[in-house]
$ cat input_0.cif   # mmCIF, C-alpha atoms and all ligand atoms
data_start
#
loop_
_atom_site.label_atom_id
_atom_site.label_comp_id
_atom_site.auth_asym_id
_atom_site.auth_seq_id
_atom_site.Cartn_x
_atom_site.Cartn_y
_atom_site.Cartn_z
CA MET A 1 -26.96 12.55 -27.42
CA PRO A 2 -23.17 12.07 -27.68
CA GLU A 3 -21.11 15.26 -27.36
CA SER A 4 -19.78 14.70 -30.90
CA ASP A 5 -23.34 15.08 -32.26
CA VAL A 6 -23.81 18.28 -30.26
CA ILE A 7 -20.59 19.66 -31.79
CA GLU A 8 -21.73 18.69 -35.27
CA ARG A 9 -25.06 20.53 -34.82
CA THR A 10 -23.41 23.70 -33.46
CA LYS A 11 -22.29 26.41 -35.91
CA GLU A 12 -19.80 28.05 -33.57
CA PRO A 13 -18.92 27.50 -29.89
CA ILE A 14 -21.50 29.09 -27.61
CA THR A 15 -20.02 31.35 -24.95
CA LYS A 16 -21.29 32.64 -21.63
CA VAL A 17 -21.37 36.17 -23.09
CA ARG A 18 -23.69 34.99 -25.86
CA LEU A 19 -25.92 33.18 -23.34
CA VAL A 20 -26.25 36.27 -21.13
CA ARG A 21 -27.27 38.27 -24.21
CA ASP A 22 -29.81 35.63 -25.23
CA LEU A 23 -31.27 35.48 -21.72
CA ARG A 24 -31.65 39.27 -21.56
CA THR A 25 -33.21 39.37 -25.02
CA LEU A 26 -35.72 36.75 -23.89
CA GLY A 27 -36.64 38.94 -20.93
CA VAL A 28 -34.72 37.48 -17.99
CA SER A 29 -34.16 40.49 -15.73
CA PRO A 30 -32.05 41.57 -12.76
CA GLY A 31 -33.77 40.64 -9.50
CA ASP A 32 -35.80 37.75 -10.97
CA VAL A 33 -36.62 34.67 -8.92
CA LEU A 34 -36.00 32.24 -11.76
CA LEU A 35 -36.88 28.52 -11.74
CA THR A 36 -35.02 26.82 -14.60
CA HIS A 37 -35.54 23.41 -16.23
CA SER A 38 -32.88 22.64 -18.82
CA SER A 39 -31.18 20.39 -21.35
CA LEU A 40 -27.50 21.18 -21.88
CA SER A 41 -27.22 19.42 -25.23
CA ALA A 42 -30.17 21.44 -26.59
CA VAL A 43 -28.18 24.68 -26.09
CA GLY A 44 -25.53 23.54 -28.56
CA TRP A 45 -21.88 23.10 -27.66
CA VAL A 46 -21.13 25.51 -24.79
CA VAL A 47 -17.61 26.58 -23.87
CA GLY A 48 -17.41 25.49 -20.24
CA GLY A 49 -20.54 23.31 -20.41
CA ALA A 50 -22.99 23.36 -17.51
CA ARG A 51 -20.81 25.70 -15.46
CA ALA A 52 -20.95 28.40 -18.14
CA VAL A 53 -24.73 28.13 -18.44
CA ILE A 54 -25.09 28.63 -14.69
CA ASP A 55 -22.64 31.55 -14.78
CA ALA A 56 -24.79 33.12 -17.51
CA LEU A 57 -28.03 32.62 -15.57
CA VAL A 58 -26.48 34.09 -12.41
CA GLU A 59 -25.18 37.10 -14.35
CA ALA A 60 -28.52 37.68 -16.09
CA ILE A 61 -30.49 37.85 -12.83
CA GLY A 62 -27.77 39.81 -11.03
CA GLU A 63 -26.92 39.99 -7.34
CA HIS A 64 -30.54 40.63 -6.31
CA GLY A 65 -31.86 37.67 -8.30
CA THR A 66 -32.41 34.11 -7.05
CA LEU A 67 -31.83 31.09 -9.25
CA VAL A 68 -33.76 27.89 -8.50
CA MET A 69 -33.52 24.42 -10.04
CA PRO A 70 -35.11 21.06 -9.32
CA ALA A 71 -32.78 18.68 -7.47
CA PHE A 72 -35.16 15.73 -7.57
CA SER A 73 -33.86 12.29 -6.62
CA GLY A 74 -36.61 10.02 -7.88
CA ASP A 75 -34.59 6.94 -7.05
CA LEU A 76 -35.30 7.53 -3.34
CA SER A 77 -38.62 5.81 -3.87
CA ASP A 78 -40.10 2.35 -3.52
CA PRO A 79 -38.17 0.05 -5.92
CA ALA A 80 -41.38 -1.98 -6.41
CA GLU A 81 -42.68 1.06 -8.36
CA TRP A 82 -39.62 1.62 -10.55
CA ARG A 83 -40.35 1.56 -14.28
CA ASN A 84 -37.41 3.34 -15.86
CA PRO A 85 -35.80 0.85 -15.57
CA PRO A 86 -37.61 -1.71 -13.40
CA VAL A 87 -35.62 -4.09 -11.20
CA PRO A 88 -36.23 -7.83 -10.72
CA ALA A 89 -38.90 -8.54 -8.07
CA HIS A 90 -36.45 -10.35 -5.80
CA TRP A 91 -34.26 -7.20 -5.64
CA VAL A 92 -37.02 -5.07 -4.13
CA GLN A 93 -36.57 -6.04 -0.49
CA PRO A 94 -32.75 -5.91 -0.48
CA ILE A 95 -32.90 -2.46 -2.10
CA ARG A 96 -35.42 -1.23 0.49
CA GLU A 97 -33.19 -2.45 3.30
CA ALA A 98 -29.97 -0.89 1.96
CA MET A 99 -31.28 2.41 0.55
CA PRO A 100 -29.37 5.37 2.06
CA ALA A 101 -31.57 8.18 3.33
CA PHE A 102 -31.57 11.58 1.63
CA ASP A 103 -28.58 13.78 2.39
CA PRO A 104 -28.74 17.29 0.89
CA GLY A 105 -24.97 17.39 0.42
CA ARG A 106 -24.46 13.95 -1.06
CA THR A 107 -27.63 12.67 -2.73
CA PRO A 108 -27.27 13.25 -6.47
CA THR A 109 -30.09 14.48 -8.67
CA ARG A 110 -31.63 11.99 -11.07
CA ASP A 111 -32.79 12.84 -14.61
CA MET A 112 -32.51 16.60 -13.94
CA GLY A 113 -29.60 17.09 -16.34
CA GLN A 114 -26.01 18.23 -16.02
CA ILE A 115 -26.92 21.86 -15.42
CA ALA A 116 -29.13 21.05 -12.40
CA GLU A 117 -26.66 18.48 -11.07
CA THR A 118 -23.79 20.99 -11.32
CA PHE A 119 -25.95 23.65 -9.71
CA ARG A 120 -26.91 21.63 -6.62
CA LYS A 121 -23.15 21.36 -5.81
CA TRP A 122 -22.49 25.06 -6.53
CA PRO A 123 -20.93 27.11 -3.72
CA GLY A 124 -23.59 28.83 -1.64
CA VAL A 125 -26.52 26.83 -3.03
CA ARG A 126 -29.15 25.77 -0.50
CA ARG A 127 -31.15 22.61 -0.99
CA SER A 128 -34.49 21.78 0.56
CA THR A 129 -34.80 18.47 2.34
CA HIS A 130 -37.51 16.45 0.59
CA PRO A 131 -36.18 12.93 -0.10
CA MET A 132 -37.51 12.81 -3.70
CA SER A 133 -38.41 16.35 -4.72
CA SER A 134 -35.80 18.67 -3.21
CA MET A 135 -35.03 21.98 -4.88
CA ALA A 136 -31.82 23.99 -4.99
CA ALA A 137 -31.57 27.78 -4.84
CA LEU A 138 -28.90 30.47 -4.92
CA GLY A 139 -29.31 34.15 -4.09
CA PRO A 140 -30.96 36.43 -1.53
CA ARG A 141 -34.27 34.48 -1.48
CA ALA A 142 -32.65 31.02 -1.43
CA ALA A 143 -32.97 30.47 2.33
CA THR A 144 -36.65 31.42 2.29
CA ILE A 145 -37.45 29.29 -0.73
CA THR A 146 -35.73 26.14 0.56
CA ALA A 147 -36.53 26.42 4.31
CA ARG A 148 -39.76 24.43 4.29
CA HIS A 149 -40.49 21.32 2.26
CA ASP A 150 -43.43 19.20 3.42
CA ILE A 151 -43.12 15.49 2.68
CA ALA A 152 -46.77 15.11 1.64
CA TYR A 153 -47.81 16.83 -1.62
CA SER A 154 -44.17 17.34 -2.45
CA LEU A 155 -44.59 20.23 -4.91
CA GLY A 156 -47.53 21.89 -3.22
CA ASP A 157 -47.84 25.11 -1.24
CA GLY A 158 -45.67 23.75 1.57
CA SER A 159 -42.73 23.34 -0.80
CA PRO A 160 -40.31 25.72 -2.56
CA MET A 161 -42.89 25.88 -5.37
CA GLY A 162 -45.25 27.70 -3.00
CA TRP A 163 -42.61 30.30 -2.23
CA ILE A 164 -41.77 30.84 -5.90
CA TYR A 165 -45.48 31.55 -6.37
CA GLU A 166 -45.55 33.93 -3.38
CA LEU A 167 -42.47 35.77 -4.68
CA ASP A 168 -43.96 36.05 -8.18
CA GLY A 169 -41.06 34.07 -9.65
CA ARG A 170 -40.66 33.10 -13.27
CA VAL A 171 -40.16 29.74 -14.97
CA LEU A 172 -37.58 29.34 -17.72
CA LEU A 173 -37.59 26.22 -19.90
CA ILE A 174 -34.31 25.81 -21.79
CA GLY A 175 -34.65 23.23 -24.55
CA VAL A 176 -37.31 21.20 -22.72
CA GLY A 177 -41.10 21.10 -22.95
CA HIS A 178 -43.95 21.61 -20.50
CA ASP A 179 -43.77 17.90 -19.64
CA ARG A 180 -40.84 19.08 -17.47
CA ASN A 181 -42.65 22.14 -16.11
CA SER A 182 -42.90 21.00 -12.47
CA SER A 183 -44.85 24.10 -11.39
CA LEU A 184 -47.86 22.37 -12.94
CA HIS A 185 -47.74 19.97 -9.98
CA LEU A 186 -48.36 22.95 -7.71
CA ALA A 187 -51.42 23.82 -9.79
CA GLU A 188 -52.73 20.25 -9.66
CA THR A 189 -52.10 19.98 -5.90
CA ARG A 190 -54.48 22.91 -5.40
CA CYS A 191 -57.32 21.13 -7.24
CA PRO A 192 -59.95 19.08 -5.39
CA HIS A 193 -60.03 16.59 -8.29
CA ARG A 194 -56.24 16.11 -8.41
CA ARG A 195 -54.82 12.71 -9.38
CA GLU A 196 -53.73 11.28 -6.03
CA ILE A 197 -51.23 8.57 -5.24
CA THR A 198 -49.33 7.35 -2.20
CA ARG A 199 -45.54 7.61 -2.39
CA ARG A 200 -43.26 5.46 -0.25
CA MET A 201 -39.85 6.87 0.53
CA PRO A 202 -36.95 6.28 2.89
CA ILE A 203 -36.73 8.74 5.80
CA GLU A 204 -33.99 8.89 8.42
CA GLN A 205 -35.30 8.69 11.99
CA GLU A 206 -32.95 8.49 14.96
CA GLY A 207 -30.13 7.21 12.78
CA LYS A 208 -32.24 4.50 11.10
CA VAL A 209 -33.87 4.49 7.68
CA VAL A 210 -37.61 3.86 7.83
CA TRP A 211 -40.03 3.69 4.91
CA GLN A 212 -42.96 6.08 5.14
CA SER A 213 -46.03 6.54 2.95
CA HIS A 214 -47.34 9.98 2.06
CA PRO A 215 -50.05 11.30 -0.27
CA ASP A 216 -49.03 13.23 -3.36
CA VAL A 217 -50.27 14.09 -6.83
CA ASP A 218 -49.34 11.52 -9.44
CA ASP A 219 -46.61 11.91 -12.04
CA ASP A 220 -48.07 13.24 -15.27
CA GLU A 221 -45.90 11.19 -17.65
CA GLY A 222 -46.61 13.61 -20.49
CA HIS A 223 -50.42 13.13 -20.40
CA LEU A 224 -51.83 16.54 -19.50
CA PHE A 225 -48.85 18.87 -18.94
CA PRO A 226 -48.05 19.36 -22.66
CA GLN A 227 -51.71 20.18 -23.41
CA ILE A 228 -51.87 22.69 -20.56
CA GLY A 229 -48.58 24.23 -21.66
CA GLU A 230 -49.86 24.62 -25.21
CA ALA A 231 -53.11 26.19 -24.00
CA PHE A 232 -51.14 28.58 -21.78
CA GLU A 233 -48.90 29.51 -24.70
CA ASN A 234 -51.98 30.16 -26.85
CA SER A 235 -53.29 32.46 -24.11
CA GLY A 236 -50.15 34.59 -24.57
CA GLY A 237 -48.55 33.65 -21.24
CA VAL A 238 -45.16 32.63 -22.62
CA THR A 239 -42.30 34.61 -24.17
CA PHE A 240 -40.15 32.70 -26.65
CA GLY A 241 -36.55 33.13 -27.71
CA LYS A 242 -33.35 31.27 -28.39
CA ILE A 243 -30.87 30.40 -25.64
CA GLY A 244 -27.93 29.38 -27.79
CA HIS A 245 -29.64 26.88 -30.12
CA ALA A 246 -32.26 25.87 -27.56
CA GLU A 247 -35.86 27.03 -27.54
CA GLY A 248 -36.23 29.24 -24.47
CA ARG A 249 -39.67 29.77 -22.92
CA LEU A 250 -40.15 32.28 -20.13
CA MET A 251 -43.35 32.69 -18.07
CA ARG A 252 -44.64 34.03 -14.77
CA GLN A 253 -45.11 31.03 -12.53
CA ARG A 254 -48.15 32.62 -10.85
CA SER A 255 -49.95 33.13 -14.17
CA LEU A 256 -49.10 29.59 -15.25
CA VAL A 257 -50.26 28.02 -11.98
CA ASP A 258 -53.51 30.02 -11.85
CA PHE A 259 -54.26 29.16 -15.48
CA ALA A 260 -53.40 25.49 -14.98
CA ALA A 261 -55.41 25.15 -11.75
CA ASP A 262 -58.57 26.20 -13.64
CA TRP A 263 -57.64 23.92 -16.54
CA PHE A 264 -57.07 20.91 -14.26
CA GLU A 265 -60.27 21.48 -12.36
CA SER A 266 -62.39 21.53 -15.49
CA ALA A 267 -60.54 18.59 -17.12
CA LEU A 268 -60.29 16.35 -14.05
CA GLY A 269 -63.59 17.48 -12.50
CA ASP A 270 -65.44 16.44 -15.69
CA HIS A 271 -64.13 12.89 -15.30
CA ALA A 272 -64.83 12.59 -11.57
C1 LIG A 301 -33.43 14.58 -19.33
C2 LIG A 301 -32.63 15.80 -19.82
C3 LIG A 301 -31.82 16.35 -18.69
C4 LIG A 301 -31.76 15.36 -20.97
O1 LIG A 301 -31.09 16.48 -21.54
P1 LIG A 301 -29.65 16.28 -22.17
O2 LIG A 301 -29.29 17.53 -22.84
O3 LIG A 301 -29.65 15.05 -22.99
O4 LIG A 301 -28.74 15.96 -20.92
P2 LIG A 301 -27.92 16.98 -20.01
O5 LIG A 301 -28.64 18.25 -19.81
O6 LIG A 301 -27.57 16.20 -18.79
O7 LIG A 301 -26.60 17.27 -20.79
C5 LIG A 301 -25.69 16.22 -21.05
C6 LIG A 301 -25.37 16.18 -22.52
O8 LIG A 301 -24.80 17.42 -22.91
C7 LIG A 301 -23.92 17.18 -23.99
N1 LIG A 301 -22.70 17.94 -23.73
C8 LIG A 301 -21.52 17.58 -23.22
N2 LIG A 301 -20.69 18.61 -23.16
C9 LIG A 301 -21.37 19.66 -23.64
C10 LIG A 301 -21.06 21.02 -23.82
N3 LIG A 301 -19.86 21.53 -23.50
N4 LIG A 301 -22.03 21.83 -24.33
C11 LIG A 301 -23.24 21.34 -24.64
N5 LIG A 301 -23.60 20.06 -24.50
C12 LIG A 301 -22.66 19.24 -24.00
C13 LIG A 301 -23.67 15.72 -24.10
O9 LIG A 301 -24.37 15.30 -25.25
C14 LIG A 301 -24.31 15.15 -22.86
O10 LIG A 301 -24.97 13.94 -23.12
P3 LIG A 301 -24.34 12.60 -22.53
O11 LIG A 301 -24.39 12.74 -21.04
O12 LIG A 301 -25.25 11.56 -23.08
O13 LIG A 301 -22.95 12.55 -23.06
C15 LIG A 301 -33.60 16.90 -20.31
O14 LIG A 301 -34.30 16.44 -21.44
C16 LIG A 301 -34.62 17.30 -19.26
O15 LIG A 301 -35.68 16.70 -19.12
N6 LIG A 301 -34.32 18.37 -18.49
C17 LIG A 301 -35.24 18.91 -17.48
C18 LIG A 301 -35.25 18.07 -16.22
C19 LIG A 301 -36.24 18.64 -15.21
O16 LIG A 301 -36.17 19.80 -14.85
N7 LIG A 301 -37.19 17.82 -14.76
C20 LIG A 301 -38.13 18.27 -13.77
C21 LIG A 301 -39.47 17.67 -13.90
S1 LIG A 301 -39.62 16.09 -14.59
#

$ encode --input "input_0.cif" --output "structure tokens"
Amino acid sequence: MPESDVIERTKEPITKVRLVRDLRTLGVSPGDVLLTHSSLSAVGWVVGGARAVIDALVEAIGEHGTLVMPAFSGDLSDPAEWRNPPVPAHWVQPIREAMPAFDPGRTPTRDMGQIAETFRKWPGVRRSTHPMSSMAALGPRAATITARHDIAYSLGDGSPMGWIYELDGRVLLIGVGHDRNSSLHLAETRCPHRREITRRMPIEQEGKVVWQSHPDVDDDEGHLFPQIGEAFENSGGVTFGKIGHAEGRLMRQRSLVDFAADWFESALGDHA
């Protein structure tokens, strides 16, 4: 959405002070480990844009809190599989040969939004090292959360998602739906009947980029995640409130993942 449309839909400029108040009213608390998925335009026009939203999140969780965001770089994947947009077939090999390997300092996020992209460059932020599914974290638990990131099952227990679960972290959706709620991949990874795929990605080995294949759960593409999210909301697991103009949804990741693991197993197990 163009910025002019965001301005038109916003009654008055949204400040960091207002966002901190909204976050606290929703239930974000000092000391939280908080995994955030966000849309900046959904918040309304913010004075200071993405930077001010991050400032507000950091203030709301305080010095003992840890803020986490996805820093996924889905373009570090096999170009033969690209759909959004696809590339001509005769480009596939040249792209594979020239693709730079993941670099935590320089690889940009893709489709994560301005808030997540600004955050991964934020002073003091640590980023895990998965080529496609890295996560960024800031705060006392950041080093622990980002230290290990297995290449296979990229959002499973051997990833930052597993640590957020261990630390009883919370998930905050700002203006986005459960189709963006990546913790559901952790739930699916734990299920015997998970939807499996093989992902190919470029990995740097001894100064050369090599393409490796690893098992993972498939992308959901909005098939099951919204249904699970709705069922979890109906179970009372989510607190709702406004963050600026955006719908804010706050939940314990552990409750969500446990609920979703059961849901997946009965839904996917039935079709096995
Ligand atoms: C895809 C997605 C990021 C799109 O959201 P978005 O609000 O359109 O995009 P961004 O968050 O990058 O914000 C940029 C927009 O903010 C708006 N903007 C610019 N300045 C602004 C300001 N000061 N205040 C508020 N909005 C502003 C502009 O409209 C801009 O759009 P443009 O880049 O087209 O000009 C969002 O829908 C989403 O999915 N977020 C979650 C991603 C995620 O966590 N995924 C993980 C699992 S899939």

$ residues_near_ligand --input "input_0.cif" --ligand "ligand LIG 301 (chain A)" --cutoff "9 Å" --atoms "all atoms listed in the file" --output "PyMOL selection string"
chain A and resi 1-7+13-14+36-50+52+69-72+110-117+173-183+219-221

$ write_last_selection --input "input_0.cif" --atoms "C-alpha atoms" --output "PDB file, in the coordinates of the input"
ATOM      1  CA  MET A   1     -26.960  12.550 -27.420  1.00  0.00           C
ATOM      2  CA  PRO A   2     -23.170  12.070 -27.680  1.00  0.00           C
ATOM      3  CA  GLU A   3     -21.110  15.260 -27.360  1.00  0.00           C
ATOM      4  CA  SER A   4     -19.780  14.700 -30.900  1.00  0.00           C
ATOM      5  CA  ASP A   5     -23.340  15.080 -32.260  1.00  0.00           C
ATOM      6  CA  VAL A   6     -23.810  18.280 -30.260  1.00  0.00           C
ATOM      7  CA  ILE A   7     -20.590  19.660 -31.790  1.00  0.00           C
ATOM      8  CA  PRO A  13     -18.920  27.500 -29.890  1.00  0.00           C
ATOM      9  CA  ILE A  14     -21.500  29.090 -27.610  1.00  0.00           C
ATOM     10  CA  THR A  36     -35.020  26.820 -14.600  1.00  0.00           C
ATOM     11  CA  HIS A  37     -35.540  23.410 -16.230  1.00  0.00           C
ATOM     12  CA  SER A  38     -32.880  22.640 -18.820  1.00  0.00           C
ATOM     13  CA  SER A  39     -31.180  20.390 -21.350  1.00  0.00           C
ATOM     14  CA  LEU A  40     -27.500  21.180 -21.880  1.00  0.00           C
ATOM     15  CA  SER A  41     -27.220  19.420 -25.230  1.00  0.00           C
ATOM     16  CA  ALA A  42     -30.170  21.440 -26.590  1.00  0.00           C
ATOM     17  CA  VAL A  43     -28.180  24.680 -26.090  1.00  0.00           C
ATOM     18  CA  GLY A  44     -25.530  23.540 -28.560  1.00  0.00           C
ATOM     19  CA  TRP A  45     -21.880  23.100 -27.660  1.00  0.00           C
ATOM     20  CA  VAL A  46     -21.130  25.510 -24.790  1.00  0.00           C
ATOM     21  CA  VAL A  47     -17.610  26.580 -23.870  1.00  0.00           C
ATOM     22  CA  GLY A  48     -17.410  25.490 -20.240  1.00  0.00           C
ATOM     23  CA  GLY A  49     -20.540  23.310 -20.410  1.00  0.00           C
ATOM     24  CA  ALA A  50     -22.990  23.360 -17.510  1.00  0.00           C
ATOM     25  CA  ALA A  52     -20.950  28.400 -18.140  1.00  0.00           C
ATOM     26  CA  MET A  69     -33.520  24.420 -10.040  1.00  0.00           C
ATOM     27  CA  PRO A  70     -35.110  21.060  -9.320  1.00  0.00           C
ATOM     28  CA  ALA A  71     -32.780  18.680  -7.470  1.00  0.00           C
ATOM     29  CA  PHE A  72     -35.160  15.730  -7.570  1.00  0.00           C
ATOM     30  CA  ARG A 110     -31.630  11.990 -11.070  1.00  0.00           C
ATOM     31  CA  ASP A 111     -32.790  12.840 -14.610  1.00  0.00           C
ATOM     32  CA  MET A 112     -32.510  16.600 -13.940  1.00  0.00           C
ATOM     33  CA  GLY A 113     -29.600  17.090 -16.340  1.00  0.00           C
ATOM     34  CA  GLN A 114     -26.010  18.230 -16.020  1.00  0.00           C
ATOM     35  CA  ILE A 115     -26.920  21.860 -15.420  1.00  0.00           C
ATOM     36  CA  ALA A 116     -29.130  21.050 -12.400  1.00  0.00           C
ATOM     37  CA  GLU A 117     -26.660  18.480 -11.070  1.00  0.00           C
ATOM     38  CA  LEU A 173     -37.590  26.220 -19.900  1.00  0.00           C
ATOM     39  CA  ILE A 174     -34.310  25.810 -21.790  1.00  0.00           C
ATOM     40  CA  GLY A 175     -34.650  23.230 -24.550  1.00  0.00           C
ATOM     41  CA  VAL A 176     -37.310  21.200 -22.720  1.00  0.00           C
ATOM     42  CA  GLY A 177     -41.100  21.100 -22.950  1.00  0.00           C
ATOM     43  CA  HIS A 178     -43.950  21.610 -20.500  1.00  0.00           C
ATOM     44  CA  ASP A 179     -43.770  17.900 -19.640  1.00  0.00           C
ATOM     45  CA  ARG A 180     -40.840  19.080 -17.470  1.00  0.00           C
ATOM     46  CA  ASN A 181     -42.650  22.140 -16.110  1.00  0.00           C
ATOM     47  CA  SER A 182     -42.900  21.000 -12.470  1.00  0.00           C
ATOM     48  CA  SER A 183     -44.850  24.100 -11.390  1.00  0.00           C
ATOM     49  CA  ASP A 219     -46.610  11.910 -12.040  1.00  0.00           C
ATOM     50  CA  ASP A 220     -48.070  13.240 -15.270  1.00  0.00           C
ATOM     51  CA  GLU A 221     -45.900  11.190 -17.650  1.00  0.00           C
TER      52      GLU A 221
END

$ atom_distance --input "input_0.cif" --atom1 "atom CA of Leu34 of chain A" --atom2 "atom CA of Val53 of chain A"
13.7 Å

$ residues_near_point --input "input_0.cif" --point "(-46.6, 10.9, -9.5)" --cutoff "12 Å" --atoms "all atoms listed in the file" --output "NGL selection string"
:A and (74 or 77 or 81-82 or 132-133 or 152-155 or 182 or 185 or 188-189 or 194-200 or 214-223)

$ atom_distance --input "input_0.cif" --atom1 "atom CA of Thr107 of chain A" --atom2 "atom CA of Ser73 of chain A"
7.4 Å

$ atom_distance --input "input_0.cif" --atom1 "atom CA of Trp163 of chain A" --atom2 "atom CA of Val28 of chain A"
19.0 Å

$ axis_aligned_box --input "input_0.cif" --around "segment 40-52 of chain A" --padding-each-side "4 Å" --output "lines of an AutoDock Vina configuration file"
center_x = -23.8
center_y = 23.9
center_z = -22.0
size_x = 20.8
size_y = 17.0
size_z = 21.1

$ closest_residue --input "input_0.cif" --among "A:Leu23, A:Met161, A:Leu256, A:Ile95" --to "Asn234 of chain A" --atoms "all atoms listed in the file"
A:Leu256

$ closest_residue --input "input_0.cif" --among "A:Gly62, A:Gly244, A:Gly269, A:Gly229" --to "Leu19 of chain A" --atoms "only C-alpha atoms"
A:Gly244

$ closest_residue --input "input_0.cif" --among "A:Val58, A:Leu35, A:Cys191, A:Arg21" --to "Asp262 of chain A" --atoms "all atoms listed in the file"
A:Cys191

$ closest_residue --input "input_0.cif" --among "A:Ser213, A:Gly105, A:Gly27, A:Pro94" --to "Ile151 of chain A" --atoms "all atoms listed in the file"
A:Ser213

$ build_atoms --input "input_0.cif" --residues "segment 124-140 of chain A" --atoms "N, CA and C atoms" --output "mmCIF file, keeping the file's coordinate frame"
data_model
loop_
_atom_site.group_PDB
_atom_site.id
_atom_site.type_symbol
_atom_site.label_atom_id
_atom_site.label_comp_id
_atom_site.auth_asym_id
_atom_site.auth_seq_id
_atom_site.Cartn_x
_atom_site.Cartn_y
_atom_site.Cartn_z
ATOM 1 N N GLY A 124 -22.532 27.939 -2.129
ATOM 2 C CA GLY A 124 -23.590 28.830 -1.640
ATOM 3 C C GLY A 124 -25.005 28.364 -1.919
ATOM 4 N N VAL A 125 -25.163 27.303 -2.718
ATOM 5 C CA VAL A 125 -26.520 26.830 -3.030
ATOM 6 C C VAL A 125 -27.132 26.161 -1.803
ATOM 7 N N ARG A 126 -28.396 26.451 -1.565
ATOM 8 C CA ARG A 126 -29.150 25.770 -0.500
ATOM 9 C C ARG A 126 -30.098 24.774 -1.142
ATOM 10 N N ARG A 127 -30.280 23.660 -0.446
ATOM 11 C CA ARG A 127 -31.150 22.610 -0.990
ATOM 12 C C ARG A 127 -32.195 22.264 0.057
ATOM 13 N N SER A 128 -33.446 22.188 -0.378
ATOM 14 C CA SER A 128 -34.490 21.780 0.560
ATOM 15 C C SER A 128 -34.335 20.296 0.856
ATOM 16 N N THR A 129 -35.134 19.787 1.797
ATOM 17 C CA THR A 129 -34.800 18.470 2.340
ATOM 18 C C THR A 129 -35.798 17.372 1.976
ATOM 19 N N HIS A 130 -36.601 17.555 0.965
ATOM 20 C CA HIS A 130 -37.510 16.450 0.590
ATOM 21 C C HIS A 130 -36.719 15.294 -0.010
ATOM 22 N N PRO A 131 -36.994 14.040 0.406
ATOM 23 C CA PRO A 131 -36.180 12.930 -0.100
ATOM 24 C C PRO A 131 -36.215 12.780 -1.628
ATOM 25 N N MET A 132 -37.388 13.026 -2.240
ATOM 26 C CA MET A 132 -37.510 12.810 -3.700
ATOM 27 C C MET A 132 -37.571 14.093 -4.503
ATOM 28 N N SER A 133 -38.056 15.173 -3.909
ATOM 29 C CA SER A 133 -38.410 16.350 -4.720
ATOM 30 C C SER A 133 -37.727 17.625 -4.212
ATOM 31 N N SER A 134 -36.476 17.485 -3.740
ATOM 32 C CA SER A 134 -35.800 18.670 -3.210
ATOM 33 C C SER A 134 -35.544 19.681 -4.330
ATOM 34 N N MET A 135 -35.358 20.933 -3.914
ATOM 35 C CA MET A 135 -35.030 21.980 -4.880
ATOM 36 C C MET A 135 -33.843 22.774 -4.376
ATOM 37 N N ALA A 136 -33.045 23.275 -5.322
ATOM 38 C CA ALA A 136 -31.820 23.990 -4.990
ATOM 39 C C ALA A 136 -31.980 25.446 -5.383
ATOM 40 N N ALA A 137 -31.409 26.345 -4.565
ATOM 41 C CA ALA A 137 -31.570 27.780 -4.840
ATOM 42 C C ALA A 137 -30.326 28.549 -4.429
ATOM 43 N N LEU A 138 -30.068 29.623 -5.162
ATOM 44 C CA LEU A 138 -28.900 30.470 -4.920
ATOM 45 C C LEU A 138 -29.328 31.931 -5.034
ATOM 46 N N GLY A 139 -28.986 32.723 -4.013
ATOM 47 C CA GLY A 139 -29.310 34.150 -4.090
ATOM 48 C C GLY A 139 -30.031 34.585 -2.826
ATOM 49 N N PRO A 140 -30.410 35.873 -2.769
ATOM 50 C CA PRO A 140 -30.960 36.430 -1.530
ATOM 51 C C PRO A 140 -32.227 35.739 -1.028
#
